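So this one's coords18.cif, mmCIF, C-alpha atoms:
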data_run
loop_
_atom_site.label_atom_id
_atom_site.label_comp_id
_atom_site.auth_asym_id
_atom_site.auth_seq_id
_atom_site.Cartn_x
_atom_site.Cartn_y
_atom_site.Cartn_z
CA MET A 213 0.00 0.00 0.00
CA VAL A 214 1.23 3.47 -0.89
CA LEU A 215 0.11 6.51 1.07
CA HIS A 216 1.00 9.79 -0.62
CA THR A 217 -0.90 12.47 1.28
CA GLU A 218 -2.01 13.28 4.80
CA ASN A 219 -5.58 12.62 3.70
CA ASP A 220 -4.49 9.12 2.57
CA LEU A 221 -3.29 8.54 6.14
CA HIS A 222 -6.61 9.79 7.55
CA CYS A 223 -8.61 7.48 5.29
CA HIS A 224 -6.41 4.45 5.93
CA LEU A 225 -6.56 4.85 9.72
CA TYR A 226 -10.31 5.55 9.57
CA ASN A 227 -10.80 2.32 7.63
CA LEU A 228 -8.71 0.27 10.08
CA ILE A 229 -10.63 1.60 13.10
CA HIS A 230 -13.99 1.28 11.33
CA GLU A 231 -13.34 -2.38 10.54
CA GLN A 232 -12.63 -3.06 14.24
CA LEU A 233 -15.69 -1.15 15.44
CA ALA A 234 -18.07 -2.73 12.92
CA SER A 235 -18.09 -5.97 14.91
CA SER A 236 -18.46 -4.18 18.25
CA LYS A 237 -21.64 -3.61 20.26
CA PHE A 238 -20.65 0.08 20.27
CA TYR A 239 -20.74 0.41 16.47
CA LYS A 240 -24.17 2.03 16.18
CA CYS A 241 -25.48 4.65 18.56
CA LYS A 242 -28.31 7.15 18.95
CA THR A 243 -27.77 10.71 20.14
CA LEU A 244 -29.94 12.80 22.47
CA ASP A 245 -31.41 14.63 19.45
CA GLY A 246 -32.45 11.28 17.93
CA LYS A 247 -29.76 10.96 15.25
CA ASN A 248 -28.38 7.55 14.40
CA SER A 249 -24.63 7.50 14.10
CA ILE A 250 -21.46 5.56 14.75
CA LEU A 251 -18.77 6.45 17.28
CA LEU A 252 -16.03 7.16 14.71
CA HIS A 253 -15.92 10.55 12.96
CA LYS A 254 -13.58 12.34 10.59
CA GLU A 255 -13.17 16.12 10.89
CA TYR A 256 -15.43 16.40 13.94
CA PRO A 257 -15.43 19.99 15.25
CA THR A 258 -13.77 21.17 18.44
CA LYS A 259 -15.88 22.95 21.02
CA GLU A 260 -13.39 25.81 21.28
CA ARG A 261 -12.91 28.53 18.63
CA TYR A 262 -9.45 29.49 17.46
CA SER A 263 -7.24 31.71 15.40
CA GLN A 264 -5.15 29.07 13.63
CA LYS A 265 -2.79 31.70 12.26
CA HIS A 266 -1.85 32.93 15.76
CA LEU A 267 -2.30 29.57 17.55
CA GLU A 268 -4.64 30.94 20.17
CA ILE A 269 -8.20 30.69 21.41
CA ASN A 270 -10.39 33.34 19.81
CA PRO A 271 -14.15 33.47 20.60
CA LYS A 272 -14.71 35.14 17.22
CA GLY A 273 -12.58 32.58 15.37
CA LYS A 274 -13.60 29.33 13.76
CA ARG A 275 -13.99 25.96 15.39
CA GLY A 276 -11.13 23.59 14.73
CA HIS A 277 -11.61 19.99 13.64
CA PHE A 278 -10.07 16.75 14.82
CA ASP A 279 -8.73 14.57 12.01
CA LEU A 280 -10.36 11.52 13.59
CA CYS A 281 -12.28 11.05 16.80
CA LEU A 282 -14.25 8.51 18.74
CA TRP A 283 -17.14 9.63 20.90
CA ASN A 284 -17.51 8.41 24.48
CA PRO A 285 -19.93 5.44 24.13
CA GLU A 286 -21.20 5.95 27.69
CA LEU A 287 -22.37 9.52 26.95
CA VAL A 288 -23.68 9.33 23.37
CA SER A 289 -27.37 9.05 24.31
CA GLN A 290 -27.03 12.04 26.67
CA ARG A 291 -25.40 14.40 24.12
CA LEU A 292 -26.32 16.11 20.85
CA PHE A 293 -24.88 15.12 17.50
CA ARG A 294 -24.08 18.80 16.87
CA ALA A 295 -25.17 21.94 18.70
CA LYS A 296 -27.19 24.42 16.66
CA LEU A 297 -26.47 27.27 19.07
CA THR A 298 -23.14 28.31 20.58
CA LYS A 299 -24.65 28.25 24.07
CA ASP A 300 -25.34 24.50 23.63
CA ILE A 301 -21.79 23.56 22.59
CA GLU A 302 -21.08 21.78 25.89
CA LYS A 303 -23.97 19.41 25.05
CA GLU A 304 -22.18 18.11 21.96
CA GLN A 305 -20.55 14.70 22.04
CA GLN A 306 -17.46 14.17 24.15
CA THR A 307 -14.44 13.59 21.95
CA PHE A 308 -13.28 10.62 24.00
CA ILE A 309 -10.36 9.85 21.67
CA ALA A 310 -8.96 12.42 19.23
CA ILE A 311 -6.27 11.72 16.66
CA GLU A 312 -4.35 14.38 14.77
CA LEU A 313 -2.09 13.35 11.88
CA ASN A 314 0.65 15.47 10.36
CA LEU A 315 2.54 14.39 7.25
CA VAL A 316 5.61 16.54 6.75
CA GLU A 317 6.14 16.39 3.03
CA ALA A 318 9.24 17.32 1.08
CA ASN A 319 7.85 20.71 0.09
CA ALA A 320 6.92 21.72 3.67
CA SER A 321 9.25 23.98 5.60
CA LEU A 322 10.31 23.24 9.16
CA ASP A 323 8.32 26.29 10.31
CA GLN A 324 5.18 24.94 8.61
CA ALA A 325 5.63 21.54 10.24
CA ILE A 326 6.14 23.07 13.69
CA HIS A 327 3.12 25.37 13.27
CA HIS A 328 0.92 22.43 12.21
CA THR A 329 2.10 20.34 15.17
CA LYS A 330 1.52 23.18 17.66
CA TRP A 331 -1.96 23.71 16.16
CA ASP A 332 -2.79 20.03 16.65
CA LEU A 333 -1.50 20.03 20.23
CA LEU A 334 -3.51 23.16 21.08
CA LYS A 335 -6.73 21.43 20.01
CA LEU A 336 -5.88 18.19 21.82
CA ARG A 337 -4.90 19.82 25.12
CA LYS A 338 -7.68 22.39 25.61
CA GLN A 339 -9.97 21.17 28.42
CA THR A 340 -13.04 22.73 26.81
CA ASN A 341 -12.73 20.24 23.94
CA GLU A 342 -13.15 17.33 26.43
CA VAL A 343 -10.50 15.11 24.83
CA LYS A 344 -9.92 12.22 27.21
CA HIS A 345 -7.18 10.56 25.11
CA GLY A 346 -5.40 12.68 22.51
CA TYR A 347 -2.85 11.46 20.00
CA ALA A 348 -0.67 13.48 17.62
CA LEU A 349 0.90 11.29 14.94
CA LEU A 350 3.75 12.88 13.01
CA PHE A 351 5.01 11.32 9.78
CA VAL A 352 8.06 12.51 7.89
#

Can you dump the structure from the file as structure tokens?
Amino acid sequence: MVLHTENDLHCHLYNLIHEQLASSKFYKCKTLDGKNSILLHKEYPTKERYSQKHLEINPKGKRGHFDLCLWNPELVSQRLFRAKLTKDIEKEQQTFIAIELNLVEANASLDQAIHHTKWDLLKLRKQTNEVKHGYALLFV
């Protein structure tokens, strides 16, 4: 198998995890707002808003996204799939496991790679995002 891009890595890891979950009793779930889902999600939004350029929290910024995440199976039925209003953001699913991938390609500068890694760590470490287990995977 040949993986050429960071998105290839996302898709490959998603597929591996999905195959393992498909045979699990936790595969399918129903959220508080009645949506049927699975625990595994790609590009699920953070609860916090950021300025990615300056690597800081910014209430007027945009929500980040986790490359891959697994919701907490014990809380799914008590939480919303997605909040429609900012005031309800804490009712969204707990990102029990979050995975950030970073592929440093030949055309990326060291500064770009460091910025991307710091950005991923900021999202994983912020308590508001409720990440129980965060992983940053760096490929060169």

Using only C-alpha atoms, which residue out of A:Leu336, A:Leu297, A:Leu292, A:Ala234 lies closest to A:Leu280?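 So, comparing all the options, the nearest one is A:Leu336.
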
Do you know which residues are at most 12 Å from A:Lys303 counting only C-alpha atoms, after dropping those on the same chain fewer than 6 positions away, and could you put them as a list in words?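 Near neighbours after the sequence-gap exclusion: Thr243, Leu244, Asp245, Lys259, Leu287, Val288, Ser289, Gln290, Arg291, Leu292, Phe293, Arg294, Ala295, Lys296, Leu297, Thr340, Asn341 and Glu342 of chain A.
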
Closest of A:Leu282, A:Leu315, A:Ala310, A:Ala348 to A:Trp331 - atom-to-atom distances counting only C-alpha atoms: A:Ala348

Reference answer for the PyMOL selection byres ((chain A and resi 216) around 12), as an NGL selection string: :A and (213-215 or 217-224 or 315-318 or 351-352)

Any chance you could work out the residue set of the PyMOL selection byres ((chain A and resi 248-258) around 7) here, as a VMD selection string? chain A and resid 239 to 243 246 to 247 259 to 260 275 to 283 341

Output file for the residues above (C-alpha atoms, as a CSV table (one decimal), in the frame of the given file):
chain,number,residue,atom,x,y,z
A,239,TYR,CA,-20.7,0.4,16.5
A,240,LYS,CA,-24.2,2.0,16.2
A,241,CYS,CA,-25.5,4.6,18.6
A,242,LYS,CA,-28.3,7.2,19.0
A,243,THR,CA,-27.8,10.7,20.1
A,246,GLY,CA,-32.4,11.3,17.9
A,247,LYS,CA,-29.8,11.0,15.2
A,259,LYS,CA,-15.9,23.0,21.0
A,260,GLU,CA,-13.4,25.8,21.3
A,275,ARG,CA,-14.0,26.0,15.4
A,276,GLY,CA,-11.1,23.6,14.7
A,277,HIS,CA,-11.6,20.0,13.6
A,278,PHE,CA,-10.1,16.8,14.8
A,279,ASP,CA,-8.7,14.6,12.0
A,280,LEU,CA,-10.4,11.5,13.6
A,281,CYS,CA,-12.3,11.0,16.8
A,282,LEU,CA,-14.2,8.5,18.7
A,283,TRP,CA,-17.1,9.6,20.9
A,341,ASN,CA,-12.7,20.2,23.9

Which is closest to A:Lys335 among A:Asn314, A:Gln264, A:Ser235, A:Thr298, if we use only C-alpha atoms? A:Gln264

Could you pull the residues within 8 Å of A:Gly273, counting all atoms listed in the file, minus those fewer than 6 positions along the same chain, as an NGL selection string? :A and (261-263)
